[in-house]
Amino acid sequence: MPRTGKEKGTVLKQLGDGLVMRRATSSDTQALADFQAEVNSLTGSPDEHLRVHTLSLMIGSLQSMGPQDFTVVEDTASGEIVSTLNLISQTWSYGGIEFGVGRVELVGTRPGYRRRGLVRAQMDAVHRWSATRGERIQAITGIPWYYRRFGYEMALE
């Protein structure tokens, strides 16, 4: 779904073939929610829980989270979001010691755009953001074998 707002997020990287990776903005809110409901659905029908979850993150339901914490890959020819993910900064505790964690979530790419390195480019960006924030760990819940290609490994069951 093309974005309707005029607001553009900071361009992070030109990816070639008319694709640009940028930070999301508030004008991406509905398009990102629709994207997540469609692309990450496990049933083939739009997942309303994912739509609401994405809307919630985009409007700042978490103090440490907002549109600027989403990466978006946009096809500039159509204005369509074709891939996205986000970084949620959290504080975890282990043995009573608190530490910062960057949690990657809502990773998705439209089928016709897969296997082009789009997720890798976004992961590289959010890993840099997380390091800049002083987060010593990045964590993800999801498909263990898939995320190993980005340096993740099983740590806790």
# chains A, B, ... in the order shown; residues from 1 in each chain; ligands from 1
$ residues_around --residues "Leu62 (chain A)" --least-positions-apart "5" --cutoff "9 Å" --atoms "only C-alpha atoms" --output "ChimeraX atom specification"
/A:56-57,88
$ select_by_dssp --residues "region 82-149 of chain A" --states "strand (DSSP E)" --output "ChimeraX atom specification"
/A:82-94,97-109,137-140
$ residues_around --residues "region 94-100 of chain A" --least-positions-apart "6" --cutoff "12 Å" --atoms "only C-alpha atoms" --output "ChimeraX atom specification"
/A:64,88,130-139,156
$ write_last_selection --atoms "all heavy atoms" --output "CSV table (one decimal), in the first residue's frame"
chain,number,residue,atom,x,y,z
A,64,SER,N,10.0,3.5,25.1
A,64,SER,CA,11.2,3.5,24.3
A,64,SER,C,11.0,3.2,22.9
A,64,SER,O,12.0,2.9,22.2
A,64,SER,CB,12.1,2.4,25.0
A,64,SER,OG,11.5,1.1,24.8
A,88,ILE,N,13.3,-2.8,19.5
A,88,ILE,CA,12.7,-2.3,20.8
A,88,ILE,C,13.8,-2.4,21.8
A,88,ILE,O,14.4,-3.4,22.1
A,88,ILE,CB,11.5,-3.2,21.2
A,88,ILE,CG1,10.4,-3.2,20.2
A,88,ILE,CG2,11.0,-2.8,22.6
A,88,ILE,CD1,9.3,-4.2,20.5
A,130,SER,N,21.5,-0.3,18.1
A,130,SER,CA,21.5,-0.9,19.4
A,130,SER,C,22.8,-0.7,20.1
A,130,SER,O,22.9,-0.4,21.3
A,130,SER,CB,21.2,-2.4,19.3
A,130,SER,OG,21.1,-3.1,20.5
A,131,ALA,N,23.9,-0.8,19.4
A,131,ALA,CA,25.2,-0.6,20.0
A,131,ALA,C,25.4,0.9,20.4
A,131,ALA,O,25.9,1.2,21.5
A,131,ALA,CB,26.3,-1.0,19.0
A,132,THR,N,24.9,1.8,19.6
A,132,THR,CA,24.9,3.2,19.9
A,132,THR,C,24.2,3.5,21.2
A,132,THR,O,24.5,4.4,22.0
A,132,THR,CB,24.4,4.1,18.8
A,132,THR,OG1,25.2,3.8,17.6
A,132,THR,CG2,24.4,5.5,19.1
A,133,ARG,N,23.1,2.8,21.4
A,133,ARG,CA,22.3,2.9,22.6
A,133,ARG,C,22.9,2.3,23.9
A,133,ARG,O,22.4,2.3,25.0
A,133,ARG,CB,20.9,2.3,22.4
A,133,ARG,CG,20.1,3.1,21.3
A,133,ARG,CD,18.8,2.4,21.0
A,133,ARG,NE,18.1,3.0,19.9
A,133,ARG,CZ,17.0,2.6,19.4
A,133,ARG,NH1,16.3,1.6,19.9
A,133,ARG,NH2,16.4,3.3,18.4
A,134,GLY,N,24.0,1.6,23.7
A,134,GLY,CA,24.7,1.0,24.8
A,134,GLY,C,24.2,-0.4,25.1
A,134,GLY,O,24.5,-0.9,26.2
A,135,GLU,N,23.4,-1.0,24.3
A,135,GLU,CA,22.8,-2.3,24.5
A,135,GLU,C,23.8,-3.3,24.2
A,135,GLU,O,24.4,-3.4,23.1
A,135,GLU,CB,21.5,-2.5,23.7
A,135,GLU,CG,20.5,-1.4,24.1
A,135,GLU,CD,19.4,-1.3,23.0
A,135,GLU,OE1,19.5,-1.8,21.9
A,135,GLU,OE2,18.4,-0.6,23.4
A,136,ARG,N,24.1,-4.1,25.2
A,136,ARG,CA,25.2,-5.1,25.0
A,136,ARG,C,24.7,-6.4,24.3
A,136,ARG,O,25.5,-7.2,23.9
A,136,ARG,CB,25.8,-5.5,26.4
A,136,ARG,CG,26.4,-4.3,27.0
A,136,ARG,CD,27.1,-4.7,28.4
A,136,ARG,NE,27.8,-3.6,28.9
A,136,ARG,CZ,29.1,-3.3,28.7
A,136,ARG,NH1,29.8,-4.1,28.0
A,136,ARG,NH2,29.6,-2.3,29.3
A,137,ILE,N,23.4,-6.6,24.3
A,137,ILE,CA,22.8,-7.8,23.7
A,137,ILE,C,21.7,-7.4,22.7
A,137,ILE,O,21.0,-6.5,23.0
A,137,ILE,CB,22.3,-8.7,24.8
A,137,ILE,CG1,23.4,-9.2,25.7
A,137,ILE,CG2,21.5,-9.9,24.2
A,137,ILE,CD1,22.9,-9.9,26.9
A,138,GLN,N,21.6,-8.1,21.6
A,138,GLN,CA,20.5,-8.1,20.8
A,138,GLN,C,19.8,-9.4,20.8
A,138,GLN,O,20.5,-10.5,20.8
A,138,GLN,CB,20.8,-7.8,19.3
A,138,GLN,CG,21.3,-6.3,19.1
A,138,GLN,CD,22.8,-6.2,19.4
A,138,GLN,OE1,23.6,-7.0,19.1
A,138,GLN,NE2,23.1,-5.1,20.1
A,139,ALA,N,18.5,-9.4,20.9
A,139,ALA,CA,17.7,-10.7,21.1
A,139,ALA,C,16.6,-10.7,20.0
A,139,ALA,O,16.1,-9.6,19.6
A,139,ALA,CB,17.2,-10.8,22.5
A,156,LEU,N,18.6,-19.0,25.4
A,156,LEU,CA,17.7,-19.4,26.5
A,156,LEU,C,16.5,-20.1,25.9
A,156,LEU,O,15.9,-19.6,24.9
A,156,LEU,CB,17.2,-18.2,27.3
A,156,LEU,CG,18.3,-17.4,28.1
A,156,LEU,CD1,17.8,-16.2,28.6
A,156,LEU,CD2,18.9,-18.3,29.1
$ closest_residue --among "A:Trp92, A:Gly102, A:Asp47, A:Glu38" --to "Met65 (chain A)" --atoms "only C-alpha atoms"
A:Gly102
$ residues_around --residues "region 9-18 of chain A" --least-positions-apart "5" --cutoff "12 Å" --atoms "only C-alpha atoms" --output "NGL selection string"
:A and (3 or 23-28 or 67-80 or 82-83 or 113 or 116-122 or 124-126 or 128-129)
$ residues_around --residues "Ser41 (chain A)" --least-positions-apart "5" --cutoff "12 Å" --atoms "only C-alpha atoms" --output "list in words"
Ala33, Asp34, Phe35, Gln36, Pro46, Asp47, Glu48, His49, Leu50, Arg51, Leu106, Val107, Gly108, Thr109 and Arg110 of chain A
$ decode --residues "region 5-155 of chain A" --atoms "C-alpha atoms" --output "PDB file, in the first residue's frame"
ATOM      1  CA  GLY A   5       1.719  11.265   3.775  1.00  0.00           C
ATOM      2  CA  LYS A   6       4.425  13.591   2.478  1.00  0.00           C
ATOM      3  CA  GLU A   7       6.721  12.952   5.425  1.00  0.00           C
ATOM      4  CA  LYS A   8       9.800  10.887   4.479  1.00  0.00           C
ATOM      5  CA  GLY A   9      12.055   9.105   6.924  1.00  0.00           C
ATOM      6  CA  THR A  10      15.813   9.500   6.992  1.00  0.00           C
ATOM      7  CA  VAL A  11      17.337   7.502   4.146  1.00  0.00           C
ATOM      8  CA  LEU A  12      19.712   4.939   5.581  1.00  0.00           C
ATOM      9  CA  LYS A  13      20.854   3.253   2.381  1.00  0.00           C
ATOM     10  CA  GLN A  14      20.137   3.046  -1.347  1.00  0.00           C
ATOM     11  CA  LEU A  15      19.714  -0.670  -2.083  1.00  0.00           C
ATOM     12  CA  GLY A  16      19.562  -0.610  -5.881  1.00  0.00           C
ATOM     13  CA  ASP A  17      16.706  -1.559  -8.212  1.00  0.00           C
ATOM     14  CA  GLY A  18      14.689   1.436  -6.987  1.00  0.00           C
ATOM     15  CA  LEU A  19      14.715   0.217  -3.382  1.00  0.00           C
ATOM     16  CA  VAL A  20      15.600   2.522  -0.520  1.00  0.00           C
ATOM     17  CA  MET A  21      16.012   1.678   3.153  1.00  0.00           C
ATOM     18  CA  ARG A  22      14.887   4.431   5.500  1.00  0.00           C
ATOM     19  CA  ARG A  23      13.571   5.079   8.977  1.00  0.00           C
ATOM     20  CA  ALA A  24       9.814   4.912   9.290  1.00  0.00           C
ATOM     21  CA  THR A  25       7.786   7.996  10.148  1.00  0.00           C
ATOM     22  CA  SER A  26       4.331   8.485  11.613  1.00  0.00           C
ATOM     23  CA  SER A  27       2.927   8.728   8.080  1.00  0.00           C
ATOM     24  CA  ASP A  28       3.894   5.045   7.616  1.00  0.00           C
ATOM     25  CA  THR A  29       1.710   3.904  10.524  1.00  0.00           C
ATOM     26  CA  GLN A  30      -1.254   2.462   8.633  1.00  0.00           C
ATOM     27  CA  ALA A  31       0.842   1.041   5.791  1.00  0.00           C
ATOM     28  CA  LEU A  32       3.145  -0.721   8.276  1.00  0.00           C
ATOM     29  CA  ALA A  33       0.193  -2.126  10.222  1.00  0.00           C
ATOM     30  CA  ASP A  34      -1.394  -3.412   7.010  1.00  0.00           C
ATOM     31  CA  PHE A  35       1.957  -4.838   5.862  1.00  0.00           C
ATOM     32  CA  GLN A  36       2.465  -6.768   9.115  1.00  0.00           C
ATOM     33  CA  ALA A  37      -1.109  -8.071   9.140  1.00  0.00           C
ATOM     34  CA  GLU A  38      -0.623  -9.440   5.633  1.00  0.00           C
ATOM     35  CA  VAL A  39       3.023 -10.522   5.381  1.00  0.00           C
ATOM     36  CA  ASN A  40       3.438 -12.090   8.825  1.00  0.00           C
ATOM     37  CA  SER A  41       0.050 -13.779   8.973  1.00  0.00           C
ATOM     38  CA  LEU A  42       0.202 -17.505   9.629  1.00  0.00           C
ATOM     39  CA  THR A  43      -3.310 -18.156   8.294  1.00  0.00           C
ATOM     40  CA  GLY A  44      -3.361 -16.553   4.852  1.00  0.00           C
ATOM     41  CA  SER A  45      -5.847 -13.957   6.088  1.00  0.00           C
ATOM     42  CA  PRO A  46      -4.758 -10.624   7.586  1.00  0.00           C
ATOM     43  CA  ASP A  47      -3.749 -11.054  11.221  1.00  0.00           C
ATOM     44  CA  GLU A  48      -5.607  -8.398  13.205  1.00  0.00           C
ATOM     45  CA  HIS A  49      -3.472  -9.002  16.303  1.00  0.00           C
ATOM     46  CA  LEU A  50      -0.338  -8.071  14.317  1.00  0.00           C
ATOM     47  CA  ARG A  51      -2.094  -5.034  12.861  1.00  0.00           C
ATOM     48  CA  VAL A  52      -3.029  -3.767  16.337  1.00  0.00           C
ATOM     49  CA  HIS A  53       0.414  -4.618  17.767  1.00  0.00           C
ATOM     50  CA  THR A  54       2.131  -2.642  14.991  1.00  0.00           C
ATOM     51  CA  LEU A  55      -0.222   0.329  15.422  1.00  0.00           C
ATOM     52  CA  SER A  56       0.478   0.247  19.145  1.00  0.00           C
ATOM     53  CA  LEU A  57       4.266   0.333  18.653  1.00  0.00           C
ATOM     54  CA  MET A  58       4.014   3.084  16.053  1.00  0.00           C
ATOM     55  CA  ILE A  59       1.968   5.388  18.299  1.00  0.00           C
ATOM     56  CA  GLY A  60       4.381   5.006  21.207  1.00  0.00           C
ATOM     57  CA  SER A  61       2.630   2.591  23.553  1.00  0.00           C
ATOM     58  CA  LEU A  62       6.119   1.674  24.795  1.00  0.00           C
ATOM     59  CA  GLN A  63       8.093   4.631  26.126  1.00  0.00           C
ATOM     60  CA  SER A  64      11.235   3.494  24.349  1.00  0.00           C
ATOM     61  CA  MET A  65       9.543   2.872  20.993  1.00  0.00           C
ATOM     62  CA  GLY A  66       8.211   4.882  18.091  1.00  0.00           C
ATOM     63  CA  PRO A  67       8.200   5.110  14.291  1.00  0.00           C
ATOM     64  CA  GLN A  68      11.918   5.995  14.228  1.00  0.00           C
ATOM     65  CA  ASP A  69      12.666   2.502  15.571  1.00  0.00           C
ATOM     66  CA  PHE A  70      11.334   0.814  12.423  1.00  0.00           C
ATOM     67  CA  THR A  71      13.348   0.337   9.258  1.00  0.00           C
ATOM     68  CA  VAL A  72      11.398   0.369   6.012  1.00  0.00           C
ATOM     69  CA  VAL A  73      12.486  -0.773   2.583  1.00  0.00           C
ATOM     70  CA  GLU A  74      10.391   1.088   0.041  1.00  0.00           C
ATOM     71  CA  ASP A  75      10.053   0.424  -3.663  1.00  0.00           C
ATOM     72  CA  THR A  76      10.338   3.995  -4.923  1.00  0.00           C
ATOM     73  CA  ALA A  77       8.522   3.185  -8.171  1.00  0.00           C
ATOM     74  CA  SER A  78       5.319   2.245  -6.338  1.00  0.00           C
ATOM     75  CA  GLY A  79       5.842   3.804  -2.898  1.00  0.00           C
ATOM     76  CA  GLU A  80       5.084   0.359  -1.455  1.00  0.00           C
ATOM     77  CA  ILE A  81       6.720  -0.962   1.715  1.00  0.00           C
ATOM     78  CA  VAL A  82       8.338  -4.252   0.714  1.00  0.00           C
ATOM     79  CA  SER A  83      10.332  -5.124   3.841  1.00  0.00           C
ATOM     80  CA  THR A  84      10.539  -3.912   7.422  1.00  0.00           C
ATOM     81  CA  LEU A  85      11.639  -4.706  10.949  1.00  0.00           C
ATOM     82  CA  ASN A  86      11.974  -2.839  14.209  1.00  0.00           C
ATOM     83  CA  LEU A  87      14.181  -2.518  17.277  1.00  0.00           C
ATOM     84  CA  ILE A  88      12.715  -2.329  20.770  1.00  0.00           C
ATOM     85  CA  SER A  89      15.100  -1.158  23.493  1.00  0.00           C
ATOM     86  CA  GLN A  90      14.487  -2.997  26.745  1.00  0.00           C
ATOM     87  CA  THR A  91      16.112  -3.479  30.137  1.00  0.00           C
ATOM     88  CA  TRP A  92      16.511  -7.095  31.173  1.00  0.00           C
ATOM     89  CA  SER A  93      17.835  -8.534  34.410  1.00  0.00           C
ATOM     90  CA  TYR A  94      19.858 -11.654  35.090  1.00  0.00           C
ATOM     91  CA  GLY A  95      20.929 -12.543  38.616  1.00  0.00           C
ATOM     92  CA  GLY A  96      19.783  -9.108  39.734  1.00  0.00           C
ATOM     93  CA  ILE A  97      22.019  -7.299  37.246  1.00  0.00           C
ATOM     94  CA  GLU A  98      20.193  -5.069  34.764  1.00  0.00           C
ATOM     95  CA  PHE A  99      21.469  -4.543  31.219  1.00  0.00           C
ATOM     96  CA  GLY A 100      20.233  -3.054  27.972  1.00  0.00           C
ATOM     97  CA  VAL A 101      18.881  -5.318  25.245  1.00  0.00           C
ATOM     98  CA  GLY A 102      17.907  -4.468  21.683  1.00  0.00           C
ATOM     99  CA  ARG A 103      15.030  -6.721  20.674  1.00  0.00           C
ATOM    100  CA  VAL A 104      14.443  -7.147  16.940  1.00  0.00           C
ATOM    101  CA  GLU A 105      10.816  -7.805  16.083  1.00  0.00           C
ATOM    102  CA  LEU A 106       8.254  -7.812  13.262  1.00  0.00           C
ATOM    103  CA  VAL A 107      10.683  -8.903  10.537  1.00  0.00           C
ATOM    104  CA  GLY A 108       8.957  -9.304   7.196  1.00  0.00           C
ATOM    105  CA  THR A 109       9.499  -9.087   3.440  1.00  0.00           C
ATOM    106  CA  ARG A 110       6.990  -9.420   0.621  1.00  0.00           C
ATOM    107  CA  PRO A 111       7.543 -12.720  -1.263  1.00  0.00           C
ATOM    108  CA  GLY A 112       8.560 -11.064  -4.547  1.00  0.00           C
ATOM    109  CA  TYR A 113      11.378  -9.174  -2.788  1.00  0.00           C
ATOM    110  CA  ARG A 114      12.919 -11.997  -0.771  1.00  0.00           C
ATOM    111  CA  ARG A 115      16.490 -13.259  -1.191  1.00  0.00           C
ATOM    112  CA  ARG A 116      17.850  -9.797  -2.056  1.00  0.00           C
ATOM    113  CA  GLY A 117      19.636  -9.046   1.223  1.00  0.00           C
ATOM    114  CA  LEU A 118      16.942  -6.637   2.442  1.00  0.00           C
ATOM    115  CA  VAL A 119      16.672  -8.136   5.933  1.00  0.00           C
ATOM    116  CA  ARG A 120      20.469  -8.261   6.243  1.00  0.00           C
ATOM    117  CA  ALA A 121      20.761  -4.544   5.416  1.00  0.00           C
ATOM    118  CA  GLN A 122      18.101  -3.719   7.998  1.00  0.00           C
ATOM    119  CA  MET A 123      19.664  -5.995  10.632  1.00  0.00           C
ATOM    120  CA  ASP A 124      23.014  -4.262  10.117  1.00  0.00           C
ATOM    121  CA  ALA A 125      21.327  -0.889  10.683  1.00  0.00           C
ATOM    122  CA  VAL A 126      19.462  -1.861  13.858  1.00  0.00           C
ATOM    123  CA  HIS A 127      22.515  -3.628  15.271  1.00  0.00           C
ATOM    124  CA  ARG A 128      24.374  -0.289  14.913  1.00  0.00           C
ATOM    125  CA  TRP A 129      21.462   1.563  16.565  1.00  0.00           C
ATOM    126  CA  SER A 130      21.482  -0.933  19.429  1.00  0.00           C
ATOM    127  CA  ALA A 131      25.249  -0.586  19.963  1.00  0.00           C
ATOM    128  CA  THR A 132      24.937   3.218  19.923  1.00  0.00           C
ATOM    129  CA  ARG A 133      22.284   2.935  22.636  1.00  0.00           C
ATOM    130  CA  GLY A 134      24.738   0.973  24.780  1.00  0.00           C
ATOM    131  CA  GLU A 135      22.795  -2.280  24.517  1.00  0.00           C
ATOM    132  CA  ARG A 136      25.199  -5.146  25.042  1.00  0.00           C
ATOM    133  CA  ILE A 137      22.846  -7.801  23.692  1.00  0.00           C
ATOM    134  CA  GLN A 138      20.478  -8.075  20.762  1.00  0.00           C
ATOM    135  CA  ALA A 139      17.745 -10.686  21.052  1.00  0.00           C
ATOM    136  CA  ILE A 140      15.080 -12.049  18.783  1.00  0.00           C
ATOM    137  CA  THR A 141      12.297 -14.566  19.172  1.00  0.00           C
ATOM    138  CA  GLY A 142      11.374 -16.348  16.015  1.00  0.00           C
ATOM    139  CA  ILE A 143      12.747 -18.934  13.657  1.00  0.00           C
ATOM    140  CA  PRO A 144      16.087 -20.020  15.203  1.00  0.00           C
ATOM    141  CA  TRP A 145      17.655 -21.447  12.039  1.00  0.00           C
ATOM    142  CA  TYR A 146      16.796 -18.323  10.012  1.00  0.00           C
ATOM    143  CA  TYR A 147      18.282 -15.782  12.423  1.00  0.00           C
ATOM    144  CA  ARG A 148      21.549 -17.688  12.786  1.00  0.00           C
ATOM    145  CA  ARG A 149      22.572 -16.185   9.460  1.00  0.00           C
ATOM    146  CA  PHE A 150      22.552 -12.781  11.203  1.00  0.00           C
ATOM    147  CA  GLY A 151      24.765 -13.910  14.097  1.00  0.00           C
ATOM    148  CA  TYR A 152      22.053 -15.039  16.507  1.00  0.00           C
ATOM    149  CA  GLU A 153      22.171 -18.315  18.369  1.00  0.00           C
ATOM    150  CA  MET A 154      19.965 -20.054  20.894  1.00  0.00           C
ATOM    151  CA  ALA A 155      20.729 -18.745  24.351  1.00  0.00           C
TER     152      ALA A 155
END
